[in-house]
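Single-structure report; data block below.
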Amino acid sequence: MTERKLTGKRKLGYCSGVITESLLYNMFCTYYLVFLTDIIHMKPVLAGTVSFISICWDAITDPIIGAYADQNGADKRKYMAKALFPLVLLFIAAFFNIGTDNSVIQFIYYTAIAMLFWLAYTIYTIPYYAIVAEITQDYDERTEIRSTSSLINTAAIFLGNALPAVVPSLFAGVVISGKHIGESLGWEITAIIMCVLSLMFGIFTVKSLKGVKLIKAEAENVTGERKKIKAIFAEMLEVLKIKPFKWFAMFIVFFLIASSMIQSSFEYMIKDCVGADPEIYMVVVIVELVVVMAAFIPIVTKVAEKKDRRFSSLVFMSIMCVGLIGCKIAGVKSIVVVLIITFFMAVGMANFWTVFYSIAYDLVEVDEFAYGSRRESVITALPQFFQKFGSAIGVWTVGFVLQLAGYNKANSVQPATVAKGIENNVTIFPAAFLVLSIIGVYLYPVTKDKFSKLKDELEKKKAGQEYSTYGLEKLV
């Protein structure tokens with residue numbers, strides 16, 4: 001089998017495209033709840049619901065966009081390019097203070113804008129991640145590409161979390177026409193900075209992929225027709241029936257619930273559990289997060305190459321889970337414990353973002369063996385559906401717990417129940433979800449050895465030769 005391989009220059013160009021989506025993703029996931037509760041003054045449960053609805057909408061559109069991007073003649077690079085300008089403009093609009101205290105208008109505006117932003121995000125990210133499965137079918141090269149991308153992603157995670165912790169405060173004292181609009185202006189300027197960087201790297205990535213041979217882009221669309229929604233959902237159902245998929249989905253959903261609960265609680269944890277200044281310590285936390293991730297990504301890669309991705313996930317997610325339980329026992333009462341929580345979260349994230357998409361790519365060959373067609377975008381999109389669904393549940397849960405605990409931005413001192421609720425949001429609740437995620441990984445049957453055998457048998461099947469499914473029963 002001839003493997004398609006990216007040159008080093010193109011590989012770097014492709015991998016840098018993660019900055020485009022990760023900057024915006026991280027600012028949204030870490031700060032949108034904070035922005036809505038503390039700047040727009042929405043009730044926590046309503047703010048959480050805005051995120052929940054918009055991210056769930058994003059999850060629903062993932063497989064639909066994926067199906068369109070998988071059609072013969074569809075060029076994934078064109079999808080990415082067309083999404084860039086709407087993506088950045090809608091992100092700026094999402095962090096714009098519309099200047100009304102009417103909760104109904106607030107809810108409608110921010111929900112609608114967030115939904116449109118996530119749609120543009122989907123149109124960029126689904127083709128971006130799916131394109132790797134077209135370029136190479138090599139197990140280790142897919143891991144290598146994801147490893148390089150994850151390392152670059154640490155810079156985006158840092159900027160996406162650190163800049164919103166610092167920039168808005170620089171404008172805190174700004175008064176225009178007698179109105180104190182400094183905080184709102186700071187958030188808007190932060191969003192603009194993020195979007196300029198995002199747009200630059202997006203354009204660079206699309207250009208770096210120019211001239212790369214893509215299977216689907218060069219395949220002829222014989223009928224010239226676009227897929228209908230009914231056909232799209234039929235394809236989705238076929239993919240969902242792939243034997244390993246349910247365990248993969250379980251791994252994704254519960255890990256994202258856990259990680260998004262912690263990520264969206266960072267500022268609340270620093271401010272309301274520890275009583276420290278988030279403008280200072282958010283930067284410290286994010287620096288630690290990206291440094292630990294950068295240190296562990298090569299370790300995860302080595303373990304995944306030496307053993308396989310399933311084994312690395314069991315190891316590093318278990319470390320994260322045990323660490324969070326230990327922090328619950330210790331209590332979140334000092335910045336030291338906050339930093340310990342950050343460390344264990346970084347270990348889990350280093351593993352997840354290194355292996356997540358590579359595992360999805362492997363299911364392309366499982367699907368091809370089972371149904372005879374390659375559906376890279378659908379198989380990339382469906383895991384993202386579960387990823388977004390998990391994130392939505394995690395963020396909404398944080399808002400719901402804050403509401404139950406009595407959180408109110410107007411209070412100079414929050415009730416003791418708030419600190420306890422936040423502590424649970426970053427320790428025992430995520431740990432419980434991680435246990436479920438680990439079970440999903442343990443039951444996931446696609447190992448490195450089985451994938452190699454599957455590829456061999458797939459080649460025989462495509463060539464019309466006699467093939468065997470012995471040893472592959474749990475895959476196909």
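Quick note on naming: the chains in the structure tokens go A, B, ... in the order shown, residues restart at 1 in each chain, and ligands are numbered from 1 in order of appearance.
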Contact check, range 40-159 of chain A to range 22-33 of chain A, at most 10 Å, counting only C-alpha atoms, closest pairs as a tab-separated table:
```
residue	atom	partner	partner_atom	distance
A:Ile40	CA	A:Leu33	CA	10.0
A:Met42	CA	A:Leu33	CA	9.2
A:Lys43	CA	A:Leu33	CA	10.0
A:Pro44	CA	A:Leu33	CA	7.6
A:Val45	CA	A:Leu33	CA	9.6
A:Leu46	CA	A:Leu33	CA	9.5
A:Ala47	CA	A:Leu33	CA	5.9
A:Gly48	CA	A:Leu33	CA	6.4
A:Thr49	CA	A:Leu33	CA	9.6
A:Val50	CA	A:Leu33	CA	8.7
A:Ser51	CA	A:Leu33	CA	7.5
A:Ile55	CA	A:Cys29	CA	9.9
A:Leu87	CA	A:Leu24	CA	9.2
A:Val88	CA	A:Leu24	CA	8.5
A:Phe91	CA	A:Leu24	CA	7.5
A:Ile92	CA	A:Leu24	CA	10.0
A:Ala94	CA	A:Tyr32	CA	8.7
A:Phe95	CA	A:Tyr32	CA	8.0
A:Ala114	CA	A:Phe28	CA	9.5
A:Phe117	CA	A:Leu24	CA	9.9
A:Trp118	CA	A:Tyr25	CA	9.3
A:Tyr121	CA	A:Tyr25	CA	8.8
A:Thr125	CA	A:Ser22	CA	9.8
A:Asn153	CA	A:Ser22	CA	6.9
A:Thr154	CA	A:Ser22	CA	9.2
A:Ala155	CA	A:Leu23	CA	8.9
A:Ala156	CA	A:Leu23	CA	5.1
A:Ile157	CA	A:Asn26	CA	6.2
A:Phe158	CA	A:Leu23	CA	8.5
A:Leu159	CA	A:Leu23	CA	6.7
```
Name all residues at most 8 Å from range 59-66 of chain A (count only C-alpha atoms; drop same-chain ones fewer than 4 positions away) and give them as a PDB file with N, CA, C and O atoms, in the first residue's frame.
```pdb
ATOM      1  N   ILE A  55     -23.708  25.076  21.974  1.00  0.00           N
ATOM      2  CA  ILE A  55     -22.753  23.992  21.745  1.00  0.00           C
ATOM      3  C   ILE A  55     -23.478  22.722  21.279  1.00  0.00           C
ATOM      4  O   ILE A  55     -22.961  21.976  20.448  1.00  0.00           O
ATOM      5  N   ASP A  70     -17.657  15.165   2.690  1.00  0.00           N
ATOM      6  CA  ASP A  70     -17.218  13.836   2.254  1.00  0.00           C
ATOM      7  C   ASP A  70     -17.660  13.492   0.840  1.00  0.00           C
ATOM      8  O   ASP A  70     -17.303  12.444   0.317  1.00  0.00           O
ATOM      9  N   LEU A 119     -21.579  27.325  14.275  1.00  0.00           N
ATOM     10  CA  LEU A 119     -21.791  26.787  12.924  1.00  0.00           C
ATOM     11  C   LEU A 119     -20.584  27.087  12.044  1.00  0.00           C
ATOM     12  O   LEU A 119     -20.071  26.202  11.333  1.00  0.00           O
ATOM     13  N   THR A 122     -17.710  24.931  13.032  1.00  0.00           N
ATOM     14  CA  THR A 122     -17.860  23.571  12.494  1.00  0.00           C
ATOM     15  C   THR A 122     -17.416  23.482  11.041  1.00  0.00           C
ATOM     16  O   THR A 122     -16.726  22.538  10.641  1.00  0.00           O
ATOM     17  N   ILE A 123     -17.803  24.478  10.250  1.00  0.00           N
ATOM     18  CA  ILE A 123     -17.464  24.460   8.824  1.00  0.00           C
ATOM     19  C   ILE A 123     -15.954  24.517   8.627  1.00  0.00           C
ATOM     20  O   ILE A 123     -15.414  23.969   7.657  1.00  0.00           O
ATOM     21  N   ILE A 126     -14.321  20.704  11.004  1.00  0.00           N
ATOM     22  CA  ILE A 126     -14.586  19.343  10.524  1.00  0.00           C
ATOM     23  C   ILE A 126     -13.698  18.999   9.324  1.00  0.00           C
ATOM     24  O   ILE A 126     -12.988  17.981   9.337  1.00  0.00           O
ATOM     25  N   PRO A 127     -13.668  19.824   8.278  1.00  0.00           N
ATOM     26  CA  PRO A 127     -12.742  19.522   7.176  1.00  0.00           C
ATOM     27  C   PRO A 127     -11.279  19.573   7.611  1.00  0.00           C
ATOM     28  O   PRO A 127     -10.462  18.789   7.125  1.00  0.00           O
ATOM     29  N   ILE A 229     -30.629  15.444   3.369  1.00  0.00           N
ATOM     30  CA  ILE A 229     -30.548  15.258   4.829  1.00  0.00           C
ATOM     31  C   ILE A 229     -30.862  13.820   5.212  1.00  0.00           C
ATOM     32  O   ILE A 229     -30.192  13.238   6.083  1.00  0.00           O
ATOM     33  N   ILE A 232     -27.901  11.749   4.615  1.00  0.00           N
ATOM     34  CA  ILE A 232     -26.853  12.087   5.590  1.00  0.00           C
ATOM     35  C   ILE A 232     -27.084  11.341   6.896  1.00  0.00           C
ATOM     36  O   ILE A 232     -26.163  10.745   7.473  1.00  0.00           O
ATOM     37  N   PHE A 233     -28.323  11.360   7.376  1.00  0.00           N
ATOM     38  CA  PHE A 233     -28.614  10.674   8.635  1.00  0.00           C
ATOM     39  C   PHE A 233     -28.502   9.161   8.487  1.00  0.00           C
ATOM     40  O   PHE A 233     -28.154   8.470   9.449  1.00  0.00           O
ATOM     41  N   MET A 236     -24.889   8.512   8.924  1.00  0.00           N
ATOM     42  CA  MET A 236     -24.536   8.653  10.339  1.00  0.00           C
ATOM     43  C   MET A 236     -24.910   7.396  11.123  1.00  0.00           C
ATOM     44  O   MET A 236     -24.137   6.914  11.964  1.00  0.00           O
ATOM     45  N   GLU A 376     -14.349  10.058   5.780  1.00  0.00           N
ATOM     46  CA  GLU A 376     -13.439  10.697   6.721  1.00  0.00           C
ATOM     47  C   GLU A 376     -14.119  11.798   7.532  1.00  0.00           C
ATOM     48  O   GLU A 376     -13.946  11.886   8.750  1.00  0.00           O
ATOM     49  N   SER A 377     -14.878  12.654   6.848  1.00  0.00           N
ATOM     50  CA  SER A 377     -15.472  13.802   7.532  1.00  0.00           C
ATOM     51  C   SER A 377     -16.584  13.383   8.484  1.00  0.00           C
ATOM     52  O   SER A 377     -16.705  13.929   9.580  1.00  0.00           O
ATOM     53  N   VAL A 378     -17.409  12.435   8.061  1.00  0.00           N
ATOM     54  CA  VAL A 378     -18.474  11.959   8.954  1.00  0.00           C
ATOM     55  C   VAL A 378     -17.872  11.327  10.200  1.00  0.00           C
ATOM     56  O   VAL A 378     -18.331  11.555  11.331  1.00  0.00           O
ATOM     57  N   ILE A 379     -16.806  10.549  10.007  1.00  0.00           N
ATOM     58  CA  ILE A 379     -16.196   9.852  11.137  1.00  0.00           C
ATOM     59  C   ILE A 379     -15.399  10.813  12.009  1.00  0.00           C
ATOM     60  O   ILE A 379     -15.208  10.571  13.195  1.00  0.00           O
ATOM     61  N   THR A 380     -14.958  11.933  11.464  1.00  0.00           N
ATOM     62  CA  THR A 380     -14.357  12.978  12.288  1.00  0.00           C
ATOM     63  C   THR A 380     -15.443  13.799  12.963  1.00  0.00           C
ATOM     64  O   THR A 380     -15.284  14.243  14.107  1.00  0.00           O
ATOM     65  N   ALA A 381     -16.551  14.002  12.265  1.00  0.00           N
ATOM     66  CA  ALA A 381     -17.620  14.858  12.773  1.00  0.00           C
ATOM     67  C   ALA A 381     -18.408  14.205  13.914  1.00  0.00           C
ATOM     68  O   ALA A 381     -18.769  14.874  14.887  1.00  0.00           O
ATOM     69  N   LEU A 382     -18.693  12.920  13.791  1.00  0.00           N
ATOM     70  CA  LEU A 382     -19.482  12.269  14.840  1.00  0.00           C
ATOM     71  C   LEU A 382     -18.779  12.283  16.199  1.00  0.00           C
ATOM     72  O   LEU A 382     -19.420  12.582  17.213  1.00  0.00           O
ATOM     73  N   GLN A 384     -16.781  14.568  17.119  1.00  0.00           N
ATOM     74  CA  GLN A 384     -16.913  15.967  17.541  1.00  0.00           C
ATOM     75  C   GLN A 384     -18.314  16.245  18.058  1.00  0.00           C
ATOM     76  O   GLN A 384     -18.497  17.065  18.965  1.00  0.00           O
ATOM     77  N   PHE A 385     -19.313  15.567  17.485  1.00  0.00           N
ATOM     78  CA  PHE A 385     -20.674  15.689  18.017  1.00  0.00           C
ATOM     79  C   PHE A 385     -20.691  15.315  19.492  1.00  0.00           C
ATOM     80  O   PHE A 385     -21.225  16.048  20.341  1.00  0.00           O
ATOM     81  N   PHE A 386     -20.072  14.184  19.813  1.00  0.00           N
ATOM     82  CA  PHE A 386     -20.056  13.740  21.210  1.00  0.00           C
ATOM     83  C   PHE A 386     -19.149  14.631  22.062  1.00  0.00           C
ATOM     84  O   PHE A 386     -19.421  14.862  23.238  1.00  0.00           O
ATOM     85  N   GLN A 387     -18.076  15.134  21.448  1.00  0.00           N
ATOM     86  CA  GLN A 387     -17.192  16.060  22.157  1.00  0.00           C
ATOM     87  C   GLN A 387     -17.958  17.323  22.565  1.00  0.00           C
ATOM     88  O   GLN A 387     -17.903  17.766  23.724  1.00  0.00           O
ATOM     89  N   LYS A 388     -18.676  17.931  21.611  1.00  0.00           N
ATOM     90  CA  LYS A 388     -19.409  19.163  21.885  1.00  0.00           C
ATOM     91  C   LYS A 388     -20.556  18.915  22.858  1.00  0.00           C
ATOM     92  O   LYS A 388     -20.841  19.738  23.731  1.00  0.00           O
ATOM     93  N   PHE A 389     -21.200  17.758  22.700  1.00  0.00           N
ATOM     94  CA  PHE A 389     -22.292  17.426  23.604  1.00  0.00           C
ATOM     95  C   PHE A 389     -21.774  17.304  25.038  1.00  0.00           C
ATOM     96  O   PHE A 389     -22.384  17.811  25.983  1.00  0.00           O
TER      97      PHE A 389
END
```
Skip range 308-322 of chain A itself and residues of its chain fewer than 6 positions away, then list as a JSON list (two decimals) with N, CA, C and O atoms, in the first residue's frame all residues within 10 Å of it, counting only C-alpha atoms.
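Resulting contents of around-v2.json:
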```
[["chain", "number", "residue", "atom", "x", "y", "z"],
["A", 139, "TYR", "N", -0.59, 4.43, 10.62],
["A", 139, "TYR", "CA", -0.98, 4.51, 12.03],
["A", 139, "TYR", "C", -0.07, 5.48, 12.80],
["A", 139, "TYR", "O", -0.53, 6.39, 13.50],
["A", 140, "ASP", "N", 1.26, 5.31, 12.66],
["A", 140, "ASP", "CA", 2.19, 6.13, 13.43],
["A", 140, "ASP", "C", 2.27, 7.56, 12.91],
["A", 140, "ASP", "O", 2.47, 8.50, 13.70],
["A", 143, "THR", "N", -0.46, 9.54, 14.41],
["A", 143, "THR", "CA", -0.12, 9.90, 15.78],
["A", 143, "THR", "C", 0.88, 11.05, 15.79],
["A", 143, "THR", "O", 0.76, 11.98, 16.60],
["A", 251, "PHE", "N", -15.92, 7.25, 25.77],
["A", 251, "PHE", "CA", -14.64, 7.86, 26.12],
["A", 251, "PHE", "C", -14.69, 9.37, 25.93],
["A", 251, "PHE", "O", -14.28, 10.15, 26.81],
["A", 255, "PHE", "N", -15.14, 12.29, 29.13],
["A", 255, "PHE", "CA", -13.92, 13.08, 29.35],
["A", 255, "PHE", "C", -14.20, 14.56, 29.15],
["A", 255, "PHE", "O", -13.74, 15.41, 29.94],
["A", 258, "ALA", "N", -15.98, 16.16, 32.05],
["A", 258, "ALA", "CA", -15.04, 16.38, 33.15],
["A", 258, "ALA", "C", -14.14, 17.58, 32.90],
["A", 258, "ALA", "O", -14.01, 18.48, 33.74],
["A", 296, "PHE", "N", 4.13, 16.55, 28.61],
["A", 296, "PHE", "CA", 3.55, 15.21, 28.57],
["A", 296, "PHE", "C", 3.16, 14.74, 27.17],
["A", 296, "PHE", "O", 3.04, 13.54, 26.94],
["A", 299, "ILE", "N", 5.60, 12.35, 25.82],
["A", 299, "ILE", "CA", 5.52, 11.11, 26.59],
["A", 299, "ILE", "C", 4.33, 10.28, 26.14],
["A", 299, "ILE", "O", 4.43, 9.07, 25.91],
["A", 300, "VAL", "N", 3.18, 10.95, 25.98],
["A", 300, "VAL", "CA", 1.98, 10.27, 25.48],
["A", 300, "VAL", "C", 2.25, 9.67, 24.11],
["A", 300, "VAL", "O", 1.89, 8.52, 23.83],
["A", 301, "THR", "N", 2.91, 10.44, 23.25],
["A", 301, "THR", "CA", 3.21, 9.98, 21.89],
["A", 301, "THR", "C", 4.08, 8.72, 21.91],
["A", 301, "THR", "O", 3.82, 7.75, 21.19],
["A", 302, "LYS", "N", 5.10, 8.73, 22.75],
["A", 302, "LYS", "CA", 5.99, 7.58, 22.87],
["A", 302, "LYS", "C", 5.25, 6.35, 23.37],
["A", 302, "LYS", "O", 5.41, 5.23, 22.85],
["A", 341, "ILE", "N", -4.65, 20.63, 40.84],
["A", 341, "ILE", "CA", -5.77, 20.28, 39.96],
["A", 341, "ILE", "C", -5.40, 20.56, 38.51],
["A", 341, "ILE", "O", -5.66, 19.75, 37.61],
["A", 342, "THR", "N", -4.76, 21.71, 38.30],
["A", 342, "THR", "CA", -4.33, 22.09, 36.95],
["A", 342, "THR", "C", -3.35, 21.07, 36.37],
["A", 342, "THR", "O", -3.43, 20.70, 35.20],
["A", 343, "PHE", "N", -2.43, 20.61, 37.21],
["A", 343, "PHE", "CA", -1.45, 19.61, 36.76],
["A", 343, "PHE", "C", -2.13, 18.35, 36.28],
["A", 343, "PHE", "O", -1.85, 17.85, 35.18],
["A", 344, "PHE", "N", -3.04, 17.82, 37.09],
["A", 344, "PHE", "CA", -3.69, 16.55, 36.71],
["A", 344, "PHE", "C", -4.61, 16.73, 35.50],
["A", 344, "PHE", "O", -4.72, 15.83, 34.65],
["A", 345, "MET", "N", -5.25, 17.90, 35.40],
["A", 345, "MET", "CA", -6.06, 18.16, 34.21],
["A", 345, "MET", "C", -5.17, 18.21, 32.96],
["A", 345, "MET", "O", -5.53, 17.66, 31.90],
["A", 346, "ALA", "N", -4.00, 18.83, 33.08],
["A", 346, "ALA", "CA", -3.07, 18.93, 31.95],
["A", 346, "ALA", "C", -2.60, 17.56, 31.48],
["A", 346, "ALA", "O", -2.45, 17.32, 30.27],
["A", 347, "VAL", "N", -2.37, 16.65, 32.41],
["A", 347, "VAL", "CA", -1.95, 15.29, 32.06],
["A", 347, "VAL", "C", -3.04, 14.61, 31.23],
["A", 347, "VAL", "O", -2.76, 14.00, 30.19],
["A", 348, "GLY", "N", -4.29, 14.73, 31.69],
["A", 348, "GLY", "CA", -5.40, 14.12, 30.95],
["A", 348, "GLY", "C", -5.60, 14.76, 29.58],
["A", 348, "GLY", "O", -5.84, 14.08, 28.59],
["A", 349, "MET", "N", -5.49, 16.10, 29.54],
["A", 349, "MET", "CA", -5.68, 16.80, 28.26],
["A", 349, "MET", "C", -4.56, 16.48, 27.27],
["A", 349, "MET", "O", -4.80, 16.38, 26.07],
["A", 350, "ALA", "N", -3.34, 16.35, 27.77],
["A", 350, "ALA", "CA", -2.21, 16.00, 26.89],
["A", 350, "ALA", "C", -2.49, 14.69, 26.17],
["A", 350, "ALA", "O", -2.23, 14.55, 24.96],
["A", 351, "ASN", "N", -3.04, 13.74, 26.90],
["A", 351, "ASN", "CA", -3.37, 12.45, 26.28],
["A", 351, "ASN", "C", -4.55, 12.60, 25.32],
["A", 351, "ASN", "O", -4.49, 12.16, 24.17],
["A", 352, "PHE", "N", -5.63, 13.22, 25.78],
["A", 352, "PHE", "CA", -6.85, 13.25, 24.99],
["A", 352, "PHE", "C", -6.63, 13.93, 23.64],
["A", 352, "PHE", "O", -7.00, 13.39, 22.59],
["A", 354, "THR", "N", -3.95, 14.44, 22.03],
["A", 354, "THR", "CA", -2.96, 13.76, 21.18],
["A", 354, "THR", "C", -3.56, 12.55, 20.48],
["A", 354, "THR", "O", -3.26, 12.30, 19.31],
["A", 355, "VAL", "N", -4.43, 11.81, 21.15],
["A", 355, "VAL", "CA", -4.93, 10.54, 20.58],
["A", 355, "VAL", "C", -6.35, 10.62, 20.03],
["A", 355, "VAL", "O", -6.75, 9.77, 19.23],
["A", 356, "PHE", "N", -7.12, 11.63, 20.44],
["A", 356, "PHE", "CA", -8.54, 11.69, 20.11],
["A", 356, "PHE", "C", -8.80, 11.57, 18.60],
["A", 356, "PHE", "O", -9.51, 10.67, 18.14],
["A", 358, "SER", "N", -6.69, 10.82, 16.19],
["A", 358, "SER", "CA", -6.04, 9.65, 15.60],
["A", 358, "SER", "C", -6.90, 8.41, 15.75],
["A", 358, "SER", "O", -6.97, 7.57, 14.86],
["A", 359, "ILE", "N", -7.54, 8.27, 16.90],
["A", 359, "ILE", "CA", -8.45, 7.14, 17.10],
["A", 359, "ILE", "C", -9.60, 7.22, 16.11],
["A", 359, "ILE", "O", -10.01, 6.21, 15.52],
["A", 427, "THR", "N", -13.51, 18.73, 41.23],
["A", 427, "THR", "CA", -12.87, 17.55, 41.82],
["A", 427, "THR", "C", -13.73, 16.30, 41.66],
["A", 427, "THR", "O", -13.56, 15.54, 40.70],
["A", 428, "ILE", "N", -14.67, 16.10, 42.56],
["A", 428, "ILE", "CA", -15.35, 14.82, 42.64],
["A", 428, "ILE", "C", -16.31, 14.58, 41.46],
["A", 428, "ILE", "O", -16.43, 13.45, 40.96],
["A", 430, "PRO", "N", -16.03, 15.82, 38.22],
["A", 430, "PRO", "CA", -15.24, 15.40, 37.06],
["A", 430, "PRO", "C", -14.62, 14.02, 37.23],
["A", 430, "PRO", "O", -14.52, 13.26, 36.26],
["A", 431, "ALA", "N", -14.18, 13.70, 38.45],
["A", 431, "ALA", "CA", -13.58, 12.38, 38.69],
["A", 431, "ALA", "C", -14.57, 11.26, 38.40],
["A", 431, "ALA", "O", -14.21, 10.23, 37.82],
["A", 432, "ALA", "N", -15.83, 11.47, 38.79],
["A", 432, "ALA", "CA", -16.86, 10.46, 38.54],
["A", 432, "ALA", "C", -17.07, 10.26, 37.03],
["A", 432, "ALA", "O", -17.19, 9.12, 36.55],
["A", 433, "PHE", "N", -17.09, 11.36, 36.29],
["A", 433, "PHE", "CA", -17.25, 11.25, 34.83],
["A", 433, "PHE", "C", -16.02, 10.61, 34.19],
["A", 433, "PHE", "O", -16.14, 9.87, 33.20],
["A", 434, "LEU", "N", -14.84, 10.87, 34.74],
["A", 434, "LEU", "CA", -13.62, 10.25, 34.21],
["A", 434, "LEU", "C", -13.65, 8.73, 34.37],
["A", 434, "LEU", "O", -13.14, 8.01, 33.51],
["A", 435, "VAL", "N", -14.20, 8.25, 35.46],
["A", 435, "VAL", "CA", -14.32, 6.81, 35.65],
["A", 435, "VAL", "C", -15.10, 6.18, 34.50],
["A", 435, "VAL", "O", -14.72, 5.15, 33.94],
["A", 437, "SER", "N", -15.47, 7.47, 31.50],
["A", 437, "SER", "CA", -14.65, 7.59, 30.29],
["A", 437, "SER", "C", -13.60, 6.49, 30.22],
["A", 437, "SER", "O", -13.36, 5.91, 29.16],
["A", 438, "ILE", "N", -12.98, 6.19, 31.35],
["A", 438, "ILE", "CA", -11.96, 5.14, 31.40],
["A", 438, "ILE", "C", -12.56, 3.78, 31.07],
["A", 438, "ILE", "O", -11.94, 2.96, 30.38],
["A", 439, "ILE", "N", -13.78, 3.54, 31.53],
["A", 439, "ILE", "CA", -14.46, 2.28, 31.19],
["A", 439, "ILE", "C", -14.64, 2.18, 29.67],
["A", 439, "ILE", "O", -14.43, 1.12, 29.07],
["A", 440, "GLY", "N", -15.03, 3.30, 29.04],
["A", 440, "GLY", "CA", -15.19, 3.31, 27.59],
["A", 440, "GLY", "C", -13.89, 2.97, 26.87],
["A", 440, "GLY", "O", -13.88, 2.20, 25.91],
["A", 441, "VAL", "N", -12.78, 3.55, 27.36],
["A", 441, "VAL", "CA", -11.47, 3.26, 26.76],
["A", 441, "VAL", "C", -11.10, 1.79, 26.94],
["A", 441, "VAL", "O", -10.60, 1.14, 26.02],
["A", 442, "TYR", "N", -11.35, 1.28, 28.14],
["A", 442, "TYR", "CA", -10.99, -0.12, 28.43],
["A", 442, "TYR", "C", -11.72, -1.08, 27.49],
["A", 442, "TYR", "O", -11.14, -2.09, 27.04],
["A", 443, "LEU", "N", -12.96, -0.76, 27.15],
["A", 443, "LEU", "CA", -13.76, -1.64, 26.31],
["A", 443, "LEU", "C", -13.54, -1.38, 24.81],
["A", 443, "LEU", "O", -14.03, -2.15, 23.98],
["A", 444, "TYR", "N", -12.82, -0.32, 24.47],
["A", 444, "TYR", "CA", -12.56, 0.01, 23.07],
["A", 444, "TYR", "C", -11.60, -1.01, 22.46],
["A", 444, "TYR", "O", -10.49, -1.21, 22.97],
["A", 445, "PRO", "N", -11.97, -1.67, 21.35],
["A", 445, "PRO", "CA", -11.21, -2.84, 20.89],
["A", 445, "PRO", "C", -10.12, -2.58, 19.84],
["A", 445, "PRO", "O", -9.40, -3.51, 19.47],
["A", 446, "VAL", "N", -9.99, -1.34, 19.32],
["A", 446, "VAL", "CA", -9.04, -1.11, 18.23],
["A", 446, "VAL", "C", -7.65, -0.84, 18.80],
["A", 446, "VAL", "O", -7.35, 0.27, 19.22],
["A", 447, "THR", "N", -6.82, -1.86, 18.81],
["A", 447, "THR", "CA", -5.44, -1.72, 19.24],
["A", 447, "THR", "C", -4.55, -1.55, 18.00],
["A", 447, "THR", "O", -5.01, -1.73, 16.87],
["A", 448, "LYS", "N", -3.28, -1.26, 18.23],
["A", 448, "LYS", "CA", -2.35, -1.07, 17.12],
["A", 448, "LYS", "C", -2.21, -2.36, 16.30],
["A", 448, "LYS", "O", -2.23, -2.33, 15.06],
["A", 449, "ASP", "N", -2.10, -3.49, 16.96],
["A", 449, "ASP", "CA", -1.95, -4.77, 16.26],
["A", 449, "ASP", "C", -3.19, -5.11, 15.45],
["A", 449, "ASP", "O", -3.10, -5.56, 14.30]]
```
#### Entry: Nearest to Leu209 in chain A by atom-to-atom distance, counting only C-alpha atoms, from A:Val476, A:Trp57, A:Lys78, A:Arg374
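Among A:Val476, A:Trp57, A:Lys78, A:Arg374, it is A:Lys78 that comes nearest to Leu209 in chain A.
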### Message
Can you pull out the residues contacting Pro244 in chain A? Cut-off 7 Å, using only C-alpha atoms, and skip same-chain residues under 2 positions away; I want them as number ranges by chain.
### Response
A: 242, 246-248, 444-445, 475
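Proximity ranking of A:Met282, A:Ala294, A:Ile39, A:Ala93 relative to Gln263 in chain A places A:Met282 first, based on only C-alpha atoms.
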### Task
Can you work out which one of A:Leu363, A:Ala463, A:Leu404, A:Ala112 has the shortest atom-to-atom distance to Leu240 in chain A, counting only C-alpha atoms?
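Comparing A:Leu363, A:Ala463, A:Leu404, A:Ala112 against Leu240 in chain A, the winner is A:Leu363.
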### Query
Can you list, as a list in words, every protein, DNA or RNA residue that comes within 9 Å of Val364 in chain A when you count only C-alpha atoms, leaving out same-chain residues fewer than 2 positions away?
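These residues fall inside the cut-off: Ala133, Ala360, Tyr361, Asp362, Val366, Asp367, Glu368, Phe369, Ser373, Arg374, Arg375, Glu376, Ile379 and Thr380 of chain A.
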#### Entry: Those of range 61-159 of chain A in DSSP helix (DSSP H, G or I), formatted as an NGL selection string
:A and (61-69 or 76-94 or 103-135 or 139-159)
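Among A:Ile105, A:Cys327, A:Ile19, A:Leu151, the residue with the shortest atom-to-atom distance to Val291 in chain A, counting only C-alpha atoms, is A:Leu151.
One distance worth recording is that between CA of Trp187 in chain A and CA of Val401 in chain A, which is 25.1 Å.
Distance annotation: of A:Leu214, A:Leu89, A:Leu170, A:Leu185, the residue with the minimal separation from Asp75 in chain A is A:Leu214; atom set is only C-alpha atoms.
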### Shell of 9 Å around Val132 in chain A, only C-alpha atoms, local chain residues under 3 positions omitted, as a PyMOL selection string
chain A and resi 128-129+135-137+142+145+361+376
### Task
Write out as number ranges by chain each polymer residue whose atoms come within 9 Å of range 275-277 of chain A, counting only C-alpha atoms; drop sequence neighbours fewer than 4 positions from it.
A: 269-271, 281-282, 333-335
Could you give me the residues within range 56-255 of chain A that DSSP places in strand (DSSP E or B), as a PDB file with N, CA and C atoms, in the first residue's frame?
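Dumped everything to result.pdb:
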```
ATOM      1  N   VAL A 175     -13.735  55.456  30.948  1.00  0.00           N
ATOM      2  CA  VAL A 175     -15.066  56.068  31.020  1.00  0.00           C
ATOM      3  C   VAL A 175     -15.296  56.856  29.738  1.00  0.00           C
ATOM      4  N   ILE A 176     -16.384  56.573  29.051  1.00  0.00           N
ATOM      5  CA  ILE A 176     -16.742  57.283  27.817  1.00  0.00           C
ATOM      6  C   ILE A 176     -18.167  57.801  27.958  1.00  0.00           C
ATOM      7  N   LYS A 179     -19.997  56.920  31.069  1.00  0.00           N
ATOM      8  CA  LYS A 179     -20.319  55.522  31.333  1.00  0.00           C
ATOM      9  C   LYS A 179     -19.048  54.708  31.540  1.00  0.00           C
ATOM     10  N   HIS A 180     -19.079  53.866  32.563  1.00  0.00           N
ATOM     11  CA  HIS A 180     -17.944  52.970  32.831  1.00  0.00           C
ATOM     12  C   HIS A 180     -18.078  51.738  31.920  1.00  0.00           C
TER      13      HIS A 180
END
```
